[in-house]
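Next up, target.tsv (TSV, C-alpha atoms):
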chain	number	residue	atom	x	y	z
A	1	MET	CA	16.41	14.18	-40.25
A	2	ILE	CA	15.56	14.04	-43.92
A	3	SER	CA	18.64	14.63	-46.01
A	4	GLY	CA	19.51	14.80	-49.68
A	5	ARG	CA	19.84	17.15	-52.61
A	6	LEU	CA	18.28	20.58	-52.26
A	7	SER	CA	15.49	21.43	-54.67
A	8	ARG	CA	15.51	24.45	-56.93
A	9	GLN	CA	13.19	27.16	-55.66
A	10	HIS	CA	9.78	27.39	-57.33
A	11	ARG	CA	8.56	30.94	-57.97
A	12	CYS	CA	5.34	30.46	-56.02
A	13	ASP	CA	6.96	28.92	-52.98
A	14	GLY	CA	9.76	26.41	-53.53
A	15	ASN	CA	9.59	22.66	-53.92
A	16	ILE	CA	9.72	20.58	-50.79
A	17	ALA	CA	11.73	17.43	-50.14
A	18	GLN	CA	10.61	14.39	-52.09
A	19	ASN	CA	11.71	10.94	-50.90
A	20	GLY	CA	14.99	12.43	-49.72
A	21	LYS	CA	16.01	13.44	-53.25
A	22	ASP	CA	15.07	17.09	-53.58
A	23	GLY	CA	15.53	18.67	-50.19
A	24	ASN	CA	17.17	18.70	-46.83
A	25	ILE	CA	15.09	19.60	-43.81
A	26	LEU	CA	17.56	20.23	-41.04
A	27	TRP	CA	15.14	20.67	-38.15
A	28	TYR	CA	11.54	19.86	-37.35
A	29	ASP	CA	9.94	18.78	-34.08
A	30	PRO	CA	6.18	18.09	-34.07
A	31	ILE	CA	6.01	18.07	-30.26
A	32	ALA	CA	7.46	21.56	-30.09
A	33	ALA	CA	5.08	22.65	-32.82
A	34	ARG	CA	2.12	21.52	-30.74
A	35	HIS	CA	3.44	23.46	-27.75
A	36	GLU	CA	3.65	26.62	-29.84
A	37	ARG	CA	-0.06	26.66	-30.63
A	38	GLY	CA	-2.41	29.08	-28.98
A	39	THR	CA	-6.10	28.57	-28.27
A	40	PRO	CA	-8.29	27.65	-31.30
A	41	MET	CA	-9.59	31.20	-31.77
A	42	ASP	CA	-6.33	32.89	-30.83
A	43	SER	CA	-4.81	34.81	-33.71
A	44	VAL	CA	-4.73	32.34	-36.60
A	45	ASN	CA	-1.98	34.40	-38.19
A	46	THR	CA	0.22	34.02	-35.11
A	47	GLN	CA	-0.39	30.28	-35.00
A	48	LEU	CA	0.41	29.86	-38.69
A	49	ASP	CA	3.60	31.87	-38.26
A	50	SER	CA	4.70	29.74	-35.30
A	51	LEU	CA	4.05	26.48	-37.17
A	52	LYS	CA	6.00	27.56	-40.26
A	53	LYS	CA	9.21	25.65	-40.94
A	54	ILE	CA	12.11	26.74	-43.12
A	55	HIS	CA	13.43	24.39	-45.79
A	56	SER	CA	17.16	24.36	-46.59
A	57	ASN	CA	16.44	26.20	-49.87
A	58	GLN	CA	14.88	28.98	-47.73
A	59	SER	CA	11.30	28.20	-48.82
A	60	GLU	CA	8.59	27.68	-46.20
A	61	PHE	CA	6.56	24.59	-45.39
A	62	TRP	CA	4.00	23.39	-42.87
A	63	MET	CA	3.01	19.95	-41.58
A	64	ALA	CA	-0.60	19.01	-42.28
A	65	ARG	CA	-1.15	17.52	-38.81
A	66	ASP	CA	-0.10	20.83	-37.24
A	67	LEU	CA	-2.23	22.85	-39.64
A	68	MET	CA	-5.36	20.74	-39.12
A	69	PRO	CA	-6.57	22.10	-35.72
A	70	VAL	CA	-5.67	25.68	-36.65
A	71	LEU	CA	-8.07	25.42	-39.60
A	72	GLY	CA	-10.83	24.06	-37.39
A	73	TYR	CA	-10.58	20.33	-38.12
A	74	SER	CA	-10.46	17.65	-35.44
A	75	ARG	CA	-10.47	14.47	-37.56
A	76	TRP	CA	-7.60	13.58	-39.89
A	77	GLU	CA	-9.92	11.79	-42.32
A	78	ASN	CA	-11.90	15.00	-42.92
A	79	PHE	CA	-8.78	17.12	-43.31
A	80	GLN	CA	-7.19	14.57	-45.62
A	81	ALA	CA	-10.20	14.92	-47.91
A	82	VAL	CA	-9.52	18.68	-48.10
A	83	ILE	CA	-5.85	17.98	-48.93
A	84	ASN	CA	-6.93	15.66	-51.74
A	85	LYS	CA	-9.17	18.40	-53.18
A	86	ALA	CA	-6.25	20.81	-52.96
A	87	LYS	CA	-4.04	18.36	-54.87
A	88	MET	CA	-6.64	18.12	-57.64
A	89	ALA	CA	-6.87	21.93	-57.78
A	90	CYS	CA	-3.08	22.08	-58.08
A	91	GLU	CA	-3.11	19.58	-60.95
A	92	SER	CA	-5.93	21.47	-62.67
A	93	ALA	CA	-3.76	24.60	-62.57
A	94	GLY	CA	-1.09	22.74	-64.52
A	95	ILE	CA	1.27	22.40	-61.56
A	96	ASP	CA	2.67	19.05	-60.44
A	97	PRO	CA	1.22	18.36	-56.96
A	98	ALA	CA	4.37	16.38	-56.11
A	99	ASN	CA	6.27	19.68	-55.97
A	100	HIS	CA	4.04	21.02	-53.20
A	101	PHE	CA	2.50	18.02	-51.38
A	102	LEU	CA	4.62	15.23	-49.91
A	103	ASP	CA	2.78	12.43	-48.13
A	104	THR	CA	4.73	10.87	-45.29
A	105	THR	CA	4.26	8.63	-42.27
A	106	LYS	CA	5.81	8.69	-38.83
A	107	MET	CA	5.83	6.32	-35.90
A	108	VAL	CA	3.89	7.53	-32.85
A	109	GLN	CA	3.25	5.98	-29.46
A	110	ILE	CA	-0.33	4.92	-28.83
A	111	GLY	CA	-2.13	4.42	-25.52
A	112	SER	CA	-0.87	0.90	-24.94
A	113	GLY	CA	2.72	2.03	-25.30
A	114	ALA	CA	3.05	0.33	-28.68
A	115	MET	CA	4.19	2.22	-31.79
A	116	ALA	CA	1.92	2.80	-34.77
A	117	GLU	CA	2.27	4.55	-38.14
A	118	ARG	CA	0.47	7.87	-38.59
A	119	ALA	CA	-0.02	9.63	-41.91
A	120	ASP	CA	1.06	13.25	-42.39
A	121	CYS	CA	1.93	15.53	-45.27
A	122	PHE	CA	4.55	18.21	-45.97
A	123	LEU	CA	2.82	21.27	-47.45
A	124	SER	CA	4.48	24.14	-49.30
A	125	ARG	CA	3.03	27.63	-48.89
A	126	TYR	CA	1.20	27.24	-52.20
A	127	ALA	CA	-0.19	23.89	-51.01
A	128	CYS	CA	-1.43	25.52	-47.80
A	129	TYR	CA	-3.13	28.24	-49.85
A	130	LEU	CA	-4.94	25.57	-51.91
A	131	VAL	CA	-5.92	23.68	-48.76
A	132	ALA	CA	-7.40	26.86	-47.28
A	133	MET	CA	-9.25	27.60	-50.53
A	134	ASN	CA	-10.79	24.11	-50.50
A	135	GLY	CA	-11.69	24.05	-46.80
A	136	GLU	CA	-15.18	24.38	-45.34
A	137	THR	CA	-16.09	28.06	-45.64
A	138	SER	CA	-18.43	27.73	-42.65
A	139	LYS	CA	-15.33	27.54	-40.44
A	140	PRO	CA	-14.14	31.08	-39.53
A	141	GLN	CA	-10.53	29.86	-39.36
A	142	ILE	CA	-10.66	28.96	-43.06
A	143	GLY	CA	-11.39	32.53	-44.13
A	144	MET	CA	-8.58	33.84	-41.95
A	145	ALA	CA	-6.17	31.25	-43.36
A	146	GLN	CA	-7.15	32.16	-46.93
A	147	THR	CA	-6.25	35.79	-46.21
A	148	TYR	CA	-3.01	34.80	-44.48
A	149	PHE	CA	-1.69	32.67	-47.36
A	150	ALA	CA	-2.87	35.15	-50.00
A	151	VAL	CA	-0.88	37.89	-48.24
A	152	GLN	CA	2.17	35.60	-47.99
A	153	ALA	CA	1.97	34.88	-51.72
A	154	ARG	CA	1.81	38.59	-52.51
A	155	ARG	CA	4.85	39.27	-50.31
A	156	GLN	CA	6.79	36.65	-52.27
A	157	GLU	CA	5.73	38.27	-55.55
A	158	VAL	CA	6.95	41.65	-54.31
A	159	PHE	CA	10.26	40.08	-53.24
A	160	ASP	CA	10.67	38.42	-56.64
A	161	GLU	CA	10.28	41.83	-58.29
A	162	LEU	CA	13.09	43.39	-56.26
A	163	THR	CA	16.45	44.09	-57.85
A	164	GLU	CA	19.46	42.05	-56.76
A	165	ALA	CA	20.66	44.91	-54.52
A	166	GLU	CA	17.21	45.32	-52.94
A	167	ARG	CA	17.01	41.58	-52.25
A	168	ARG	CA	20.37	41.70	-50.54
A	169	ILE	CA	19.26	44.64	-48.38
A	170	GLU	CA	16.00	42.88	-47.48
A	171	LEU	CA	17.84	39.67	-46.61
A	172	ARG	CA	20.45	41.50	-44.52
A	173	ASP	CA	17.68	43.19	-42.52
A	174	ARG	CA	16.03	39.81	-42.00
A	175	VAL	CA	19.29	38.24	-40.81
A	176	LYS	CA	19.77	41.12	-38.38
A	177	GLN	CA	16.30	40.53	-36.92
A	178	HIS	CA	16.84	36.78	-36.70
A	179	ASN	CA	20.16	37.37	-34.92
A	180	LYS	CA	18.31	39.37	-32.26
A	181	GLN	CA	15.95	36.44	-31.77
A	182	LEU	CA	18.93	34.06	-31.54
A	183	ASN	CA	20.54	36.30	-28.91
A	184	ALA	CA	17.35	36.18	-26.85
A	185	ALA	CA	17.22	32.38	-27.11
A	186	ALA	CA	20.92	32.11	-26.19
A	187	LYS	CA	20.44	34.34	-23.15
A	188	LYS	CA	17.50	32.23	-22.04
A	189	ALA	CA	19.66	29.11	-22.50
A	190	GLY	CA	22.23	30.52	-20.08
A	191	VAL	CA	24.77	32.33	-22.27
A	192	VAL	CA	26.02	35.35	-20.30
A	193	SER	CA	26.81	38.69	-21.96
A	194	LYS	CA	30.60	38.34	-21.86
A	195	MET	CA	30.35	34.96	-23.66
A	196	PHE	CA	28.21	36.11	-26.58
A	197	GLY	CA	31.34	36.67	-28.69
A	198	VAL	CA	32.39	33.05	-28.12
A	199	PHE	CA	28.84	31.81	-28.78
A	200	HIS	CA	28.68	33.54	-32.18
A	201	ASP	CA	32.26	32.67	-33.09
A	202	GLU	CA	31.49	28.96	-32.64
A	203	GLY	CA	28.59	29.31	-35.08
A	204	TYR	CA	30.97	30.82	-37.63
A	205	ARG	CA	33.55	28.10	-36.97
A	206	GLY	CA	30.92	25.46	-37.70
A	207	LEU	CA	29.75	27.08	-40.95
A	208	TYR	CA	33.04	28.49	-42.26
A	209	GLY	CA	35.55	26.09	-40.70
A	210	MET	CA	37.42	29.06	-39.18
A	211	SER	CA	36.98	31.86	-36.66
A	212	LEU	CA	35.35	35.20	-37.44
A	213	ALA	CA	38.73	36.95	-37.35
A	214	GLU	CA	40.18	34.41	-39.79
A	215	ILE	CA	37.20	34.84	-42.14
A	216	LYS	CA	37.69	38.60	-42.23
A	217	ARG	CA	41.40	38.23	-42.94
A	218	LYS	CA	40.72	35.76	-45.75
A	219	LYS	CA	38.16	38.10	-47.33
A	220	ASN	CA	40.20	41.28	-46.67
A	221	ILE	CA	37.38	42.77	-44.61
A	222	PRO	CA	38.53	45.39	-42.09
A	223	GLU	CA	38.40	44.21	-38.49
A	224	SER	CA	36.06	47.10	-37.63
A	225	GLU	CA	33.45	46.02	-40.21
A	226	THR	CA	30.67	43.52	-39.62
A	227	LEU	CA	31.15	40.38	-41.75
A	228	LEU	CA	27.50	40.04	-42.78
A	229	ASP	CA	27.34	43.69	-43.91
A	230	CYS	CA	29.82	42.66	-46.60
A	231	ALA	CA	28.16	39.34	-47.50
A	232	GLY	CA	26.27	38.63	-50.71
A	233	ARG	CA	22.86	36.98	-50.90
A	234	VAL	CA	24.15	33.39	-51.04
A	235	GLU	CA	26.36	33.89	-47.99
A	236	LEU	CA	23.60	35.73	-46.14
A	237	ALA	CA	21.12	32.92	-46.89
A	238	ALA	CA	23.52	30.30	-45.47
A	239	ASN	CA	24.00	32.36	-42.31
A	240	ASP	CA	20.27	33.01	-41.99
A	241	PHE	CA	19.66	29.27	-42.06
A	242	ARG	CA	22.36	28.73	-39.43
A	243	ILE	CA	20.88	31.43	-37.21
A	244	THR	CA	17.22	30.38	-37.42
A	245	GLN	CA	17.97	26.68	-36.97
A	246	THR	CA	20.18	27.35	-33.94
A	247	GLU	CA	17.48	29.47	-32.33
A	248	GLN	CA	14.96	26.70	-32.91
A	249	LYS	CA	17.30	24.03	-31.54
A	250	LEU	CA	17.94	26.02	-28.36
A	251	THR	CA	14.21	26.55	-27.88
A	252	VAL	CA	12.86	23.14	-28.86
A	253	GLU	CA	15.49	21.16	-26.94
A	254	ASN	CA	15.12	23.56	-24.00
A	255	ILE	CA	18.89	23.86	-23.66
A	256	GLN	CA	19.77	25.31	-20.25
A	257	SER	CA	23.56	25.30	-20.26
A	258	GLN	CA	25.95	27.92	-21.63
A	259	GLN	CA	28.39	25.34	-23.00
A	260	ALA	CA	25.59	23.23	-24.46
A	261	ALA	CA	24.25	26.31	-26.27
A	262	ILE	CA	27.71	27.11	-27.65
A	263	ASN	CA	28.14	23.50	-28.80
A	264	ALA	CA	24.67	23.54	-30.41
A	265	HIS	CA	25.56	26.66	-32.44
A	266	ARG	CA	28.75	25.02	-33.73
A	267	GLU	CA	26.86	21.79	-34.51
A	268	VAL	CA	24.17	23.55	-36.54
A	269	GLY	CA	26.85	25.51	-38.43
A	270	ARG	CA	28.54	22.22	-39.34
A	271	GLU	CA	25.22	20.75	-40.51
A	272	VAL	CA	24.67	23.69	-42.86
A	273	ARG	CA	28.25	23.44	-44.13
A	274	GLU	CA	27.83	19.72	-44.77
A	275	THR	CA	24.64	20.39	-46.74
A	276	ILE	CA	26.48	22.92	-48.92
A	277	ARG	CA	29.25	20.37	-49.48
A	278	LYS	CA	26.80	17.61	-50.45
A	279	ILE	CA	25.13	19.68	-53.16
A	280	GLY	CA	28.46	20.89	-54.54
A	281	GLY	CA	27.95	24.49	-53.45
A	282	ARG	CA	30.70	27.02	-52.92
A	283	MET	CA	31.87	27.20	-49.32
A	284	PRO	CA	31.02	30.54	-47.65
A	285	GLU	CA	34.65	31.38	-46.84
A	286	ASN	CA	35.38	31.23	-50.59
A	287	LEU	CA	32.57	33.61	-51.58
A	288	PRO	CA	33.89	37.09	-52.45
A	289	PRO	CA	32.91	40.04	-50.25
A	290	GLU	CA	30.33	42.50	-51.57
A	291	PRO	CA	30.18	46.30	-51.21
A	292	HIS	CA	29.18	47.32	-47.68
A	293	ILE	CA	25.41	47.25	-47.18
A	294	LYS	CA	25.47	50.91	-46.08
A	295	LYS	CA	26.68	51.90	-49.55
A	296	LEU	CA	23.79	50.04	-51.17
A	297	LYS	CA	21.26	51.69	-48.87
A	298	ALA	CA	22.74	55.14	-49.54
A	299	SER	CA	22.67	54.51	-53.30
A	300	ARG	CA	19.05	53.34	-53.19
A	301	LYS	CA	18.05	56.38	-51.14
A	302	LYS	CA	19.73	58.66	-53.70
A	303	GLN	CA	17.94	56.89	-56.58
A	304	LYS	CA	14.57	57.33	-54.86
A	305	LYS	CA	15.18	61.07	-54.47
A	306	LEU	CA	15.97	61.36	-58.18
A	307	ILE	CA	12.74	59.51	-59.07
A	308	GLU	CA	10.66	61.68	-56.75

Could you rewrite the structure in this file as structure tokens?
Amino acid sequence: MISGRLSRQHRCDGNIAQNGKDGNILWYDPIAARHERGTPMDSVNTQLDSLKKIHSNQSEFWMARDLMPVLGYSRWENFQAVINKAKMACESAGIDPANHFLDTTKMVQIGSGAMAERADCFLSRYACYLVAMNGETSKPQIGMAQTYFAVQARRQEVFDELTEAERRIELRDRVKQHNKQLNAAAKKAGVVSKMFGVFHDEGYRGLYGMSLAEIKRKKNIPESETLLDCAGRVELAANDFRITQTEQKLTVENIQSQQAAINAHREVGREVRETIRKIGGRMPENLPPEPHIKKLKASRKKQKKLIE
């Protein structure tokens, strides 16, 4: 675990953790990442999506060692040369490479059973785009990766142009989709239907320090309403991080016990809460409720009709 102060989000992508000072990566497992890969010529887009990690400031990052085979490279020395070119391109554009490339080392077991250091690098989305742009164009995977990261950059630009209300709607829809994926992972881990309420409540207890019913009472949200439909962007982002990291933990650790899955959800919620506490953020239970998301969607629909 790499822990520390969260970085402020960069418009292009978001800075990644630097020496434990600017970020907090709550979950990453290189072994699981290798298992997620498809065949070399299998959809590059799918592979890049599966290797993507989410930073605690909600920006995306990739590990260079995972990216290397997807882009058609088999030797680290050759790929490292491409990364160095990408760093120079970043600097030439007037952007500090340290905000997008973070060199690191990790201990790995070699054939003899001994441990040895192996170089790697955290790459922001912008860094990945520069790596793809500086790769060998003779490799078909490079062209596909260039398109992938260009599309991702455009999606971020579109999101940046959204109004506050539109961003909240987009984020709520994303959380809803991620919750479906978490439910699937929980079911696979052994959580039965009648225990899903307990499973989700434990996640809330970890993040909020109280049950879902207590949160609603504190925020004066009717019992019949869904909590996250009345949550603002900051609260939604915290819950999205809880949800995605729990799903990954269940999958990567191959949890096969209902109680272990419930405990994992509570544990991840506590980790996210602790991160908020460390950076001096406002605890989610103290964030005020927002107008119901259905009202925002109805208002936006009405505005579109007036424009048309």

Here CA of Ala238 (chain A) and CA of Pro284 (chain A) stand apart by 7.8 Å

task = Fewer than 3 positions away in the same chain doesn't count, so skip those; otherwise give me all residues within 9 Å of region 210-225 of chain A, counting all atoms listed in the file, as a list of chain:residue names.
result = A:His200, A:Asp201, A:Glu202, A:Gly203, A:Tyr204, A:Arg205, A:Gly206, A:Leu207, A:Leu228, A:Asp229, A:Cys230, A:Glu285, A:Asn286, A:Leu287, A:Pro288, A:Pro289, A:His292

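Here CA of Gln152 (chain A) and CA of Asn134 (chain A) stand 17.5 Å from one another.
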
As a check of understanding: the span from CA of Leu51 (chain A) to CA of Met63 (chain A) is 7.9 Å

Closest of A:Leu236, A:Ile95, A:Ala119, A:Val268 to Phe79 (chain A), counting only C-alpha atoms, is A:Ala119

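Considering only C-alpha atoms, the residue among A:Thr147, A:Met107, A:Tyr126, A:Arg270 positioned nearest to Ala93 (chain A) is A:Tyr126.
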
- Message: Which polymer residues, whether protein, DNA or RNA, lie within 9 Å of the coordinate (19.0, 31.4, -42.6) when you count all atoms listed in the file? List them as a ChimeraX atom specification, using the chain letters and numbers from the file.
- Response: /A:54,56,58,174-175,178,236-245

* Nearest-residue call for Leu67 (chain A), choices A:Asn99, A:Gln248, A:Ser124, A:Ser112, using only C-alpha atoms ->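 Using only C-alpha atoms, Leu67 (chain A) sits closest to A:Ser124.
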
(Q) From (23.6, 32.0, -22.0), in the file's coordinates, out to 12 Å: which residues are reached, counting all atoms listed in the file? Answer as a count of residues only. (A) 31

Closest of A:Asn179, A:Ser138, A:Gln80, A:Asn45 to Thr246 (chain A), counting only C-alpha atoms, is A:Asn179

Inset, instruction - Write out as a PyMOL selection string each polymer residue whose atoms come within 12 Å of Ala127 (chain A), counting only C-alpha atoms; drop sequence neighbours fewer than 3 positions from it. - result: chain A and resi 12-16+60-64+67+82-91+95-102+121-124+130-134+146+149-150+153

Counting all atoms listed in the file, which residue out of A:Arg75, A:Leu48, A:Lys139, A:Glu166 sits closest to Ala298 (chain A)?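 Using all atoms listed in the file, Ala298 (chain A) sits closest to A:Glu166.
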
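Of the listed residues (A:Gly94, A:Gly135, A:Gly143, A:Gly281), A:Gly135 comes nearest to Met68 (chain A); the distances count all atoms listed in the file.
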